[in-house]
Amino acid sequence: MKLEYNGTEQVPLGKDAVWAFINNPEKVASCLPDVKTVVVHDATNFDATVSIGLGPVRGSFKFKITLEPQADGQRMNVKINGGGFGSVVDLLAGADIIDNGNNTTTLNWSGAATMRGPIATVGGRVLDAQAQKLIAGTFANVKTRMAEQG
Amino acid sequence: MTTEKHAMGKSMKRKEDPRFLQGKGNYIDDINLPNQLWMALVHSPYPHANIRGIDSSAAMEIPGAVAVVTSKELNAYKVGWLPTFHGLDKQMVLADGKVLYQHQEVAAVYAETREAAYDMAELVEVDYEPLPVMADPYKSMTDEVILRPDRENATNHIFNWNVGKKAETDAALEAADHVVKQHMTFQRCHAAPLETCGCIAEFDAMGRLQFYVTSQAPHVYRTALFLVLGIPEDKIRVISPDLGGGFGNKVPVYPGYVCAIAGALVLKRPVKWIETRTENLTSSFARDYHMDIEIGATKEGKVTALKVNTVADHGAFDAAADPSKYPAGMFGIVTGSYDFPNAYANLDAYFTNKMPGGVAYRCSFRVTEASYAIERAMDILADELKIDPAELRRKNFVQPEQFPYQSPLNFIYDSGDYEKTMNVALERIGYKELLKEQAEKRARGELMGIGLSTFTEVTGAGPSKHFDILGIKMFDGAEIRIHPSGSGIIRTGSKSQGQGHETTWAQIVAEELGLDPQNFLVEEGDTDTAPYGLGTYASRSTPVAGGALALAARKIREKARKIAAHVLEVSEHDLEWKDYKFNVMGAPSKSITMQEIAFAAYTNPGENEPGLEATLYYDPPNMVFPHGTYVAVVDVDRDTGETKVRRFLAIDDCGTIINPMIVEGQVHGGLTEGFAIAFMQEIAYDDEGNNLATNFTDYLVPTSLESPSWETGHTVTPSPHHPIGAKSVGESPNVGSPAAFVNAVIDALSPLGVKHIDMPLTREKVWSAIRNAEALAAD
């Protein structure tokens with residue numbers, strides 16, 4: 001099952017502050033909804049355990065997350081692979097970072113997820129809405145945390 | 001002791017039911033052995049992937065964890081792969097280097113408790129490298145990705161099978177006044193018995209394997225275990241306890257069984273494994289045939305040729321439970337009840353990234369697919385020729401005087417009277433009145449449909465010259481021991497899964513010997529005591545084991561004749577078996593009952609060998625060919641696509657009827673399954689190879705609320721070669737009913753121009769067909 005999402009967040013911070021935030025694995029991990037544990041390996045790789053509840057499918061998912069900052073400083077890609085209770089999720093997400101010039105930044109984000117296993121079948125009926133909520137929630141949290149930081 | 005005469009044909013209450021009704025059946029999960037371990041399996045979430053590594057360290061941290069086994073350990077014991085039943089392929093026990101379908105077994109874990117085993121399974125970490133997925137046989141046939149590099153030929157094509165005369169059939173189709181063509185799919189289904197599979201393996205102090213397992217074919221399992229594990233059969237005892245349904249699902253030897261035995265052997269403790277519902281639904285399947293059917297006919301509706309090309313999706317391994325020489329099962333029955341002068345069937349099977357199987361789900365090896373195809377196509381032909389479907393069938397039935405009938409696809413039908421059975425059905429359903437009602441409703445724009453299915457199936461595999469599984473000929477054994485009191489014990493190589501063998505077997509023997517069926521104990525399922533037999537599936541119990549029982553009883557009767565002659569002090573040639581006793585011809589007052597002979601066999605046998613028992617192995621001379629006419633009456637809601645099955649009548653002809661009540665019960669169960677297949681069940685996959693029907697919220701099983709009320713009846717055309725003239729009925733309702741349901745719905749929608757909808761006919765599909773038809777009409 002393949003699902004695609006996109007959205008926009010306006011952050012009340014300058015581009016440099018945003019860029020610094022999203023290059024910090026611990027800060028990015030803290031934005032995942034219902035995150036239980038985070039283990040940072042290096043500047044771009046970390047593992048996160050997240051509570052997931054999709055209809056009757058409930059439990060913890062373990063994700064390996066890799067940040068892929070683009071050299072031009074205009075875009076951040078994120079690869080997320082992992083799963084739990086017999087299901088796997090491969091998520092490719094990314095955000096274009098647009099400097100609005102008035103000490104605000106726009107994140108134009110998109111993500112494409114491939115789901116396999118019970119999460120795609122048992123959870124299939126509620127998956128789309130829940131995945132949308134999860135991804136949108138992550139980027140909303142990014143905005144909130146950065147605003148708090150600012 | 002009271003003797004119930006004329007046991008045959010009586011609706012005796014089922015002898016086994018008191019223990020079931022009191023909840024005292026003995027199923028696999030009721031059995032627990034001292035010191036047993038629990039096993040659980042780790043399944044792949046990927047449909048196609050290389051396995052880069054398996055890390056069981058976290059799993060072994062669980063309290064109660066005992067061991068984790070992967071293909072590496074199994075291969076070290078040379079049990080990493082097992083042969084499929086018809087011998088054309090082998091199957092991984094645990095994924096060996098790669099996974100080939102979602103939910104494939106990757107590792108087995110063993111723990112002190114069931115809960116710990118499941119916790120362990122969650123923590124086994126498998127590093128997968130995803131590979132491209134071939135979830136569609138039409139995609140797979142391109143060989144763009146080779147799924148089974150372990151095989152000699154680098155292709156996803158497994159085999160071609162064909163039967164009949166292609167050139168003559170093509171010429172007849174070319175010359176026909178009218179040709180109908182239709183592509184139709186019999187979707188991937190599952191037998192879904194309420195009791196899932198399971199086993200307990202234990203090696204005793206002498207190294208003998210006691211294997212309790214949900215098996216429809218215990219002796220085949222014993223031999224298969226010998227072939228896979230190399231354990232001599234005298235060191236294996238297979239015990240199949242009470243089964244909560246099987247329907248073909250409990251025929252294959254599943255990887256879990258091998259893992260449980262391997263675990264018991266190495267860990268030196270009993271190992272128990274019970275499938276979860278998801279494991280049951282994702283380990284095997286039935287059907288998945290994609291058929292292109294053509295019928296040629298004269299303008300008057302006389303059929304002249306039949307041609308069927310089929311693409312069969314066999315999943316990741318060629319594990320279809322078909323007899324060795326029949327890789328497409330009995331699909332040659334696709335000419336059905338009709339006298340086709342020319343016919344040709346061709347089939348190509350392919351590997352896909354789906355679960356393996358092709359089990360004979362309440363079907364004598366692909367008969368259901370064949371029956372559905374021909375019964376749908378006959379209706380399409382009737383529609384195109386504007387001939388009433390019943391009349392079209394009547395024009396083309398094989399006639400009673402043509403039996404034994406040589407079909408163009410190599411079967412010799414034993415007996416049948418198709419027109420008589422159809423006439424009984426049409427009369428009882430009130431066909432003429434229904435047609436009148438339908439015409440009135442159509443005039444008002446209402447959608448009412450009448451669907452016929454006048455099917456013939458082939459069951460009772462089978463004659464040893466044609467049929468074997470793993471080389472073992474498909475005969476069945478029966479053993480009868482009569483005690484001095486006239487009671488007795490019956491053992492066969494068949495295995496009831498709820499069919500009522502404890503009753504019907506007793507009725508057959510009682511009828512043959514003039515004894516009381518209530519006084520017979522029937523034992524099945526223990527390879528230490530039951531005579532060898534190929535088990536119960538494909539509607540073969542009554543045709544084969546039932547025949548063995550009747551002939552074994554007659555063997556006893558012949559010995560009884562000698563003892564009777566001794567007791568009555570006459571020549572055995574002066575005795576005749578009449579009215580359930582031996583009578584001295586010409587001296588009506590002198591007679592002896594079988595009960596009296598039984599006592600004499602142990603107290604006064606004379607010069608005869610004492611005792612009264614017999615064992616017999618029956619190799620049937622031919623298959624049997626039950627038939628029936630089913631009529632469905634439906635109303636379709638034009639706005640919602642909701643189909644209501646208003647009436648359903650099944651007139652079955654299964655030859656001699658042993659117990660009408662049990663036959664009726666079989667028909668009710670099979671019709672309910674057929675209803676589910678027609679309207680709600682499908683194991684669908686998405687493009688990523690996700691199995692979308694892994695539980696009963698997605699794979700629907702009808703309850704009494706959804707199920708229609710069934711009307712049943714019968715005609716009787718005995719089989720001329722079966723010892724008691726019986727055929728079979730267990731599969732008829734599943735074989736014959738899907739076409740009747742679909743024909744009825746399409747008949748209802750035909751005024752809109754709808755020609756065909758593939759099963760399952762969900763509300764959404766029917767609604768879409770109505771809306772599409774209306775849109776076309778508006779253009």
# chains A, B, ... in the order shown; residues from 1 in each chain; ligands from 1
call {"tool": "select_by_dssp", "arguments": {"residues": "chain A", "states": "alpha helix (DSSP H)", "output": "number ranges by chain"}}
result
A: 15-22, 25-30, 118-121, 124-149
call {"tool": "interface_residues", "arguments": {"of": "chain A", "to": "chain B", "cutoff": "12 Å", "atoms": "only C-alpha atoms", "output": "JSON list (two decimals) with N, CA and C atoms, in the first residue's frame"}}
result
[["chain", "number", "residue", "atom", "x", "y", "z"],
["A", 1, "MET", "N", 0.84, -1.18, 0.00],
["A", 1, "MET", "CA", 0.00, 0.00, 0.00],
["A", 1, "MET", "C", 0.88, 1.24, 0.00],
["A", 2, "LYS", "N", 0.67, 2.10, -0.99],
["A", 2, "LYS", "CA", 1.46, 3.32, -1.07],
["A", 2, "LYS", "C", 0.57, 4.51, -0.76],
["A", 3, "LEU", "N", 1.09, 5.42, 0.07],
["A", 3, "LEU", "CA", 0.34, 6.61, 0.44],
["A", 3, "LEU", "C", 1.23, 7.83, 0.27],
["A", 55, "GLY", "N", -6.59, 1.36, 14.50],
["A", 55, "GLY", "CA", -7.69, 0.41, 14.68],
["A", 55, "GLY", "C", -7.23, -0.69, 15.63],
["A", 56, "PRO", "N", -7.36, -1.95, 15.19],
["A", 56, "PRO", "CA", -6.96, -3.05, 16.08],
["A", 56, "PRO", "C", -5.45, -3.26, 16.13],
["A", 59, "GLY", "N", 0.70, -1.00, 19.09],
["A", 59, "GLY", "CA", 1.97, -1.45, 19.61],
["A", 59, "GLY", "C", 3.04, -0.43, 19.32],
["A", 60, "SER", "N", 4.30, -0.89, 19.43],
["A", 60, "SER", "CA", 5.42, 0.02, 19.20],
["A", 60, "SER", "C", 6.07, -0.26, 17.86],
["A", 61, "PHE", "N", 6.41, 0.79, 17.18],
["A", 61, "PHE", "CA", 7.17, 0.68, 15.94],
["A", 61, "PHE", "C", 8.58, 1.19, 16.21],
["A", 62, "LYS", "N", 9.57, 0.46, 15.69],
["A", 62, "LYS", "CA", 10.96, 0.93, 15.78],
["A", 62, "LYS", "C", 11.36, 1.43, 14.39],
["A", 81, "ASN", "N", 12.77, 3.99, 7.91],
["A", 81, "ASN", "CA", 12.47, 2.58, 7.66],
["A", 81, "ASN", "C", 12.27, 1.88, 9.00],
["A", 82, "GLY", "N", 11.29, 1.04, 9.04],
["A", 82, "GLY", "CA", 11.12, 0.30, 10.28],
["A", 82, "GLY", "C", 9.77, -0.34, 10.35],
["A", 83, "GLY", "N", 9.40, -0.72, 11.55],
["A", 83, "GLY", "CA", 8.11, -1.37, 11.68],
["A", 83, "GLY", "C", 7.96, -2.04, 13.02],
["A", 84, "GLY", "N", 6.96, -2.89, 13.09],
["A", 84, "GLY", "CA", 6.68, -3.62, 14.31],
["A", 84, "GLY", "C", 5.50, -4.52, 14.10],
["A", 85, "PHE", "N", 5.29, -5.42, 15.02],
["A", 85, "PHE", "CA", 4.24, -6.46, 14.98],
["A", 85, "PHE", "C", 3.96, -6.95, 13.54],
["A", 86, "GLY", "N", 5.05, -7.33, 12.89],
["A", 86, "GLY", "CA", 4.90, -7.96, 11.57],
["A", 86, "GLY", "C", 4.64, -7.00, 10.44],
["A", 87, "SER", "N", 4.73, -5.70, 10.69],
["A", 87, "SER", "CA", 4.49, -4.72, 9.63],
["A", 87, "SER", "C", 5.75, -3.91, 9.38],
["A", 88, "VAL", "N", 5.89, -3.42, 8.17],
["A", 88, "VAL", "CA", 7.02, -2.54, 7.88],
["A", 88, "VAL", "C", 6.52, -1.30, 7.16],
["A", 89, "VAL", "N", 7.26, -0.20, 7.40],
["A", 89, "VAL", "CA", 6.94, 1.08, 6.76],
["A", 89, "VAL", "C", 8.22, 1.64, 6.18],
["A", 90, "ASP", "N", 8.19, 2.00, 4.93],
["A", 90, "ASP", "CA", 9.30, 2.72, 4.31],
["A", 90, "ASP", "C", 8.76, 4.08, 3.91],
["A", 113, "ALA", "N", 4.80, 7.01, 1.64],
["A", 113, "ALA", "CA", 5.00, 5.86, 2.52],
["A", 113, "ALA", "C", 4.56, 4.58, 1.83],
["A", 114, "THR", "N", 5.36, 3.53, 1.98],
["A", 114, "THR", "CA", 4.95, 2.20, 1.54],
["A", 114, "THR", "C", 4.77, 1.34, 2.78],
["A", 115, "MET", "N", 3.59, 0.77, 2.91],
["A", 115, "MET", "CA", 3.26, -0.04, 4.10],
["A", 115, "MET", "C", 3.11, -1.50, 3.69],
["A", 116, "ARG", "N", 3.62, -2.37, 4.54],
["A", 116, "ARG", "CA", 3.45, -3.80, 4.28],
["A", 116, "ARG", "C", 3.09, -4.51, 5.57],
["A", 117, "GLY", "N", 2.29, -5.56, 5.44],
["A", 117, "GLY", "CA", 1.93, -6.34, 6.61],
["A", 117, "GLY", "C", 0.60, -5.90, 7.20],
["A", 118, "PRO", "N", 0.30, -6.33, 8.42],
["A", 118, "PRO", "CA", -1.01, -6.05, 9.03],
["A", 118, "PRO", "C", -1.36, -4.57, 9.03],
["A", 119, "ILE", "N", -0.36, -3.71, 9.11],
["A", 119, "ILE", "CA", -0.67, -2.28, 9.12],
["A", 119, "ILE", "C", -1.36, -1.87, 7.81],
["A", 120, "ALA", "N", -1.02, -2.58, 6.73],
["A", 120, "ALA", "CA", -1.62, -2.27, 5.43],
["A", 120, "ALA", "C", -2.95, -2.97, 5.24],
["A", 121, "THR", "N", -3.20, -4.01, 6.04],
["A", 121, "THR", "CA", -4.43, -4.78, 5.84],
["A", 121, "THR", "C", -5.41, -4.50, 6.96],
["A", 122, "VAL", "N", -5.02, -4.92, 8.17],
["A", 122, "VAL", "CA", -5.92, -4.68, 9.30],
["A", 122, "VAL", "C", -6.14, -3.19, 9.50],
["A", 123, "GLY", "N", -5.04, -2.43, 9.41],
["A", 123, "GLY", "CA", -5.15, -1.00, 9.64],
["A", 123, "GLY", "C", -5.57, -0.23, 8.41],
["A", 124, "GLY", "N", -5.77, -0.96, 7.30],
["A", 124, "GLY", "CA", -5.99, -0.29, 6.02],
["A", 124, "GLY", "C", -7.14, 0.68, 6.01],
["A", 125, "ARG", "N", -8.17, 0.34, 6.76],
["A", 125, "ARG", "CA", -9.38, 1.17, 6.72],
["A", 125, "ARG", "C", -9.17, 2.53, 7.38]]
call {"tool": "closest_residue", "arguments": {"among": "A:Lys64, A:Lys143, A:Lys79, A:Lys27", "to": "Pro12 of chain A", "atoms": "only C-alpha atoms"}}
result
A:Lys143
call {"tool": "residues_around", "arguments": {"residues": "segment 612-627 of chain B", "least_positions_apart": "3", "cutoff": "8 Å", "atoms": "only C-alpha atoms", "output": "mmCIF file with N, CA and C atoms, in the first residue's frame"}}
result
data_model
loop_
_atom_site.group_PDB
_atom_site.id
_atom_site.type_symbol
_atom_site.label_atom_id
_atom_site.label_comp_id
_atom_site.auth_asym_id
_atom_site.auth_seq_id
_atom_site.Cartn_x
_atom_site.Cartn_y
_atom_site.Cartn_z
ATOM 1 N N ILE B 412 -15.021 -40.919 -17.980
ATOM 2 C CA ILE B 412 -16.147 -41.800 -18.296
ATOM 3 C C ILE B 412 -17.152 -41.634 -17.171
ATOM 4 N N TYR B 413 -18.210 -40.858 -17.456
ATOM 5 C CA TYR B 413 -19.240 -40.600 -16.443
ATOM 6 C C TYR B 413 -19.966 -41.920 -16.146
ATOM 7 N N ASP B 414 -20.213 -42.179 -14.858
ATOM 8 C CA ASP B 414 -20.826 -43.472 -14.509
ATOM 9 C C ASP B 414 -22.335 -43.497 -14.729
ATOM 10 N N SER B 415 -23.041 -42.482 -14.252
ATOM 11 C CA SER B 415 -24.501 -42.474 -14.407
ATOM 12 C C SER B 415 -25.025 -41.068 -14.165
ATOM 13 N N GLY B 416 -26.235 -40.846 -14.592
ATOM 14 C CA GLY B 416 -26.850 -39.540 -14.355
ATOM 15 C C GLY B 416 -28.166 -39.434 -15.093
ATOM 16 N N TYR B 418 -29.861 -36.038 -15.858
ATOM 17 C CA TYR B 418 -29.819 -34.602 -15.627
ATOM 18 C C TYR B 418 -31.175 -33.925 -15.834
ATOM 19 N N THR B 454 -26.853 -26.494 -13.443
ATOM 20 C CA THR B 454 -27.155 -27.931 -13.583
ATOM 21 C C THR B 454 -25.833 -28.671 -13.725
ATOM 22 N N PHE B 455 -25.105 -28.722 -12.636
ATOM 23 C CA PHE B 455 -23.707 -29.153 -12.656
ATOM 24 C C PHE B 455 -23.550 -30.668 -12.571
ATOM 25 N N THR B 456 -22.412 -31.098 -13.060
ATOM 26 C CA THR B 456 -21.938 -32.469 -12.801
ATOM 27 C C THR B 456 -20.546 -32.359 -12.243
ATOM 28 N N GLU B 457 -20.245 -33.085 -11.198
ATOM 29 C CA GLU B 457 -18.878 -33.088 -10.690
ATOM 30 C C GLU B 457 -18.306 -34.495 -10.739
ATOM 31 N N VAL B 458 -17.021 -34.571 -10.515
ATOM 32 C CA VAL B 458 -16.328 -35.860 -10.505
ATOM 33 C C VAL B 458 -15.625 -35.979 -9.166
ATOM 34 N N THR B 459 -15.884 -37.066 -8.459
ATOM 35 C CA THR B 459 -15.309 -37.240 -7.123
ATOM 36 C C THR B 459 -14.863 -38.691 -6.936
ATOM 37 N N GLY B 460 -14.262 -38.929 -5.788
ATOM 38 C CA GLY B 460 -13.904 -40.311 -5.452
ATOM 39 C C GLY B 460 -12.558 -40.744 -5.965
ATOM 40 N N ALA B 461 -11.563 -39.821 -5.922
ATOM 41 C CA ALA B 461 -10.219 -40.211 -6.362
ATOM 42 C C ALA B 461 -9.626 -41.203 -5.362
ATOM 43 N N GLY B 462 -9.048 -42.237 -5.961
ATOM 44 C CA GLY B 462 -9.454 -42.692 -7.258
ATOM 45 C C GLY B 462 -8.768 -43.970 -7.654
ATOM 46 N N PRO B 463 -9.156 -44.428 -8.811
ATOM 47 C CA PRO B 463 -8.596 -45.678 -9.355
ATOM 48 C C PRO B 463 -7.062 -45.620 -9.374
ATOM 49 N N SER B 464 -6.429 -46.661 -8.889
ATOM 50 C CA SER B 464 -4.975 -46.616 -8.689
ATOM 51 C C SER B 464 -4.212 -46.474 -9.998
ATOM 52 N N MET B 474 -4.360 -44.058 -4.555
ATOM 53 C CA MET B 474 -5.433 -43.443 -3.774
ATOM 54 C C MET B 474 -6.569 -44.412 -3.438
ATOM 55 N N PHE B 475 -6.178 -45.544 -2.839
ATOM 56 C CA PHE B 475 -7.170 -46.503 -2.351
ATOM 57 C C PHE B 475 -7.524 -46.143 -0.910
ATOM 58 N N ASP B 476 -8.380 -46.899 -0.320
ATOM 59 C CA ASP B 476 -8.665 -46.737 1.104
ATOM 60 C C ASP B 476 -8.911 -48.090 1.740
ATOM 61 N N GLY B 477 -8.519 -48.188 2.992
ATOM 62 C CA GLY B 477 -8.691 -49.439 3.716
ATOM 63 C C GLY B 477 -9.825 -49.349 4.719
ATOM 64 N N ALA B 478 -10.412 -50.516 5.020
ATOM 65 C CA ALA B 478 -11.451 -50.600 6.041
ATOM 66 C C ALA B 478 -11.256 -51.876 6.835
ATOM 67 N N GLU B 479 -11.513 -51.785 8.127
ATOM 68 C CA GLU B 479 -11.395 -52.955 9.001
ATOM 69 C C GLU B 479 -12.645 -53.021 9.851
ATOM 70 N N ILE B 480 -13.220 -54.200 9.923
ATOM 71 C CA ILE B 480 -14.419 -54.390 10.759
ATOM 72 C C ILE B 480 -14.170 -55.586 11.674
ATOM 73 N N ARG B 481 -14.411 -55.404 12.940
ATOM 74 C CA ARG B 481 -14.347 -56.518 13.890
ATOM 75 C C ARG B 481 -15.713 -56.653 14.557
ATOM 76 N N ILE B 482 -16.280 -57.851 14.473
ATOM 77 C CA ILE B 482 -17.568 -58.090 15.128
ATOM 78 C C ILE B 482 -17.300 -58.833 16.431
ATOM 79 N N HIS B 483 -17.799 -58.281 17.526
ATOM 80 C CA HIS B 483 -17.621 -58.900 18.838
ATOM 81 C C HIS B 483 -18.654 -60.021 19.031
ATOM 82 N N PRO B 531 -6.515 -48.821 9.316
ATOM 83 C CA PRO B 531 -5.851 -49.320 8.111
ATOM 84 C C PRO B 531 -5.436 -48.159 7.209
ATOM 85 N N PRO B 543 -17.198 -42.601 -1.657
ATOM 86 C CA PRO B 543 -16.845 -43.367 -2.857
ATOM 87 C C PRO B 543 -15.737 -44.397 -2.625
ATOM 88 N N VAL B 544 -14.785 -44.112 -1.752
ATOM 89 C CA VAL B 544 -13.655 -45.038 -1.608
ATOM 90 C C VAL B 544 -13.737 -45.784 -0.262
ATOM 91 N N ALA B 545 -13.617 -45.070 0.854
ATOM 92 C CA ALA B 545 -13.671 -45.745 2.157
ATOM 93 C C ALA B 545 -15.036 -46.398 2.372
ATOM 94 N N GLY B 547 -16.962 -47.604 0.085
ATOM 95 C CA GLY B 547 -16.952 -48.828 -0.728
ATOM 96 C C GLY B 547 -16.158 -49.924 -0.041
ATOM 97 N N ALA B 548 -15.022 -49.550 0.550
ATOM 98 C CA ALA B 548 -14.197 -50.527 1.262
ATOM 99 C C ALA B 548 -14.981 -51.146 2.409
ATOM 100 N N LEU B 549 -15.738 -50.320 3.122
ATOM 101 C CA LEU B 549 -16.512 -50.827 4.260
ATOM 102 C C LEU B 549 -17.586 -51.816 3.816
ATOM 103 N N LEU B 551 -17.631 -53.648 1.176
ATOM 104 C CA LEU B 551 -17.031 -54.905 0.706
ATOM 105 C C LEU B 551 -16.413 -55.687 1.860
ATOM 106 N N ALA B 552 -15.857 -54.989 2.845
ATOM 107 C CA ALA B 552 -15.328 -55.691 4.027
ATOM 108 C C ALA B 552 -16.467 -56.371 4.776
ATOM 109 N N ALA B 553 -17.606 -55.695 4.861
ATOM 110 C CA ALA B 553 -18.778 -56.285 5.525
ATOM 111 C C ALA B 553 -19.247 -57.524 4.773
ATOM 112 N N LYS B 555 -17.358 -59.452 3.053
ATOM 113 C CA LYS B 555 -16.363 -60.488 3.327
ATOM 114 C C LYS B 555 -16.716 -61.191 4.649
ATOM 115 N N ILE B 556 -17.134 -60.391 5.625
ATOM 116 C CA ILE B 556 -17.564 -60.962 6.910
ATOM 117 C C ILE B 556 -18.803 -61.829 6.706
ATOM 118 N N LYS B 559 -17.898 -65.214 5.498
ATOM 119 C CA LYS B 559 -17.404 -66.092 6.560
ATOM 120 C C LYS B 559 -18.557 -66.507 7.467
ATOM 121 N N ALA B 560 -19.451 -65.570 7.725
ATOM 122 C CA ALA B 560 -20.607 -65.858 8.581
ATOM 123 C C ALA B 560 -21.467 -66.972 7.975
ATOM 124 N N ALA B 598 -22.414 -64.185 15.242
ATOM 125 C CA ALA B 598 -21.276 -63.551 15.913
ATOM 126 C C ALA B 598 -20.937 -64.294 17.199
ATOM 127 N N ALA B 601 -19.331 -67.517 16.379
ATOM 128 C CA ALA B 601 -17.978 -67.384 15.844
ATOM 129 C C ALA B 601 -16.934 -67.496 16.947
ATOM 130 N N ASP B 652 -30.082 -32.378 -5.270
ATOM 131 C CA ASP B 652 -28.843 -33.128 -5.488
ATOM 132 C C ASP B 652 -29.136 -34.571 -5.839
ATOM 133 N N ASP B 653 -28.294 -35.108 -6.708
ATOM 134 C CA ASP B 653 -28.333 -36.540 -6.980
ATOM 135 C C ASP B 653 -26.960 -37.097 -6.631
ATOM 136 N N CYS B 654 -26.874 -37.662 -5.431
ATOM 137 C CA CYS B 654 -25.589 -38.204 -4.979
ATOM 138 C C CYS B 654 -25.637 -39.721 -4.935
ATOM 139 N N GLY B 655 -26.494 -40.304 -5.785
ATOM 140 C CA GLY B 655 -26.622 -41.764 -5.788
ATOM 141 C C GLY B 655 -27.355 -42.223 -4.549
ATOM 142 N N SER B 719 -24.687 -45.080 -8.528
ATOM 143 C CA SER B 719 -23.497 -45.383 -9.317
ATOM 144 C C SER B 719 -23.492 -46.875 -9.604
ATOM 145 N N HIS B 721 -21.078 -48.797 -10.382
ATOM 146 C CA HIS B 721 -19.890 -49.553 -9.974
ATOM 147 C C HIS B 721 -19.595 -49.474 -8.485
ATOM 148 N N HIS B 722 -20.207 -48.530 -7.785
ATOM 149 C CA HIS B 722 -19.921 -48.433 -6.353
ATOM 150 C C HIS B 722 -20.678 -49.548 -5.617
ATOM 151 N N LYS B 727 -22.550 -42.086 -4.326
ATOM 152 C CA LYS B 727 -21.588 -41.194 -4.961
ATOM 153 C C LYS B 727 -21.008 -40.313 -3.850
ATOM 154 N N SER B 728 -21.353 -39.071 -3.830
ATOM 155 C CA SER B 728 -20.861 -38.193 -2.761
ATOM 156 C C SER B 728 -21.684 -36.922 -2.803
ATOM 157 N N VAL B 729 -21.633 -36.153 -1.719
ATOM 158 C CA VAL B 729 -22.421 -34.916 -1.693
ATOM 159 C C VAL B 729 -21.698 -33.772 -0.996
ATOM 160 N N SER B 732 -20.730 -31.041 -3.529
ATOM 161 C CA SER B 732 -21.686 -30.584 -4.548
ATOM 162 C C SER B 732 -22.190 -29.165 -4.294
#
call {"tool": "residues_around", "arguments": {"residues": "segment 16-25 of chain B", "least_positions_apart": "6", "cutoff": "8 Å", "atoms": "only C-alpha atoms", "output": "PDB file with N, CA and C atoms, in the first residue's frame"}}
result
ATOM      1  N   ASP B 242     -10.386 -34.965  17.042  1.00  0.00           N
ATOM      2  CA  ASP B 242     -11.573 -34.335  16.448  1.00  0.00           C
ATOM      3  C   ASP B 242     -11.141 -33.083  15.692  1.00  0.00           C
ATOM      4  N   GLY B 500     -19.703 -36.722   9.950  1.00  0.00           N
ATOM      5  CA  GLY B 500     -20.580 -37.728  10.553  1.00  0.00           C
ATOM      6  C   GLY B 500     -20.212 -39.154  10.211  1.00  0.00           C
ATOM      7  N   GLU B 502     -18.911 -41.373  11.994  1.00  0.00           N
ATOM      8  CA  GLU B 502     -19.219 -42.336  13.058  1.00  0.00           C
ATOM      9  C   GLU B 502     -20.634 -42.882  12.900  1.00  0.00           C
ATOM     10  N   THR B 503     -21.445 -42.133  12.200  1.00  0.00           N
ATOM     11  CA  THR B 503     -22.826 -42.560  11.977  1.00  0.00           C
ATOM     12  C   THR B 503     -22.966 -43.286  10.638  1.00  0.00           C
TER      13      THR B 503
END
call {"tool": "atom_distance", "arguments": {"atom1": "atom CA of Asn160 of chain B", "atom2": "atom CA of Thr352 of chain B"}}
result
15.9 Å
call {"tool": "residues_around", "arguments": {"residues": "Trp38 of chain B", "least_positions_apart": "2", "cutoff": "9 Å", "atoms": "only C-alpha atoms", "output": "list in words"}}
result
Gln36, Ala40, Val109, Tyr110, Ala111, Glu112, Thr113, Arg114, Glu115, Ala116, Ala117, Ala260, Pro270, Val271, Lys272, Trp273 and Ile274 of chain B
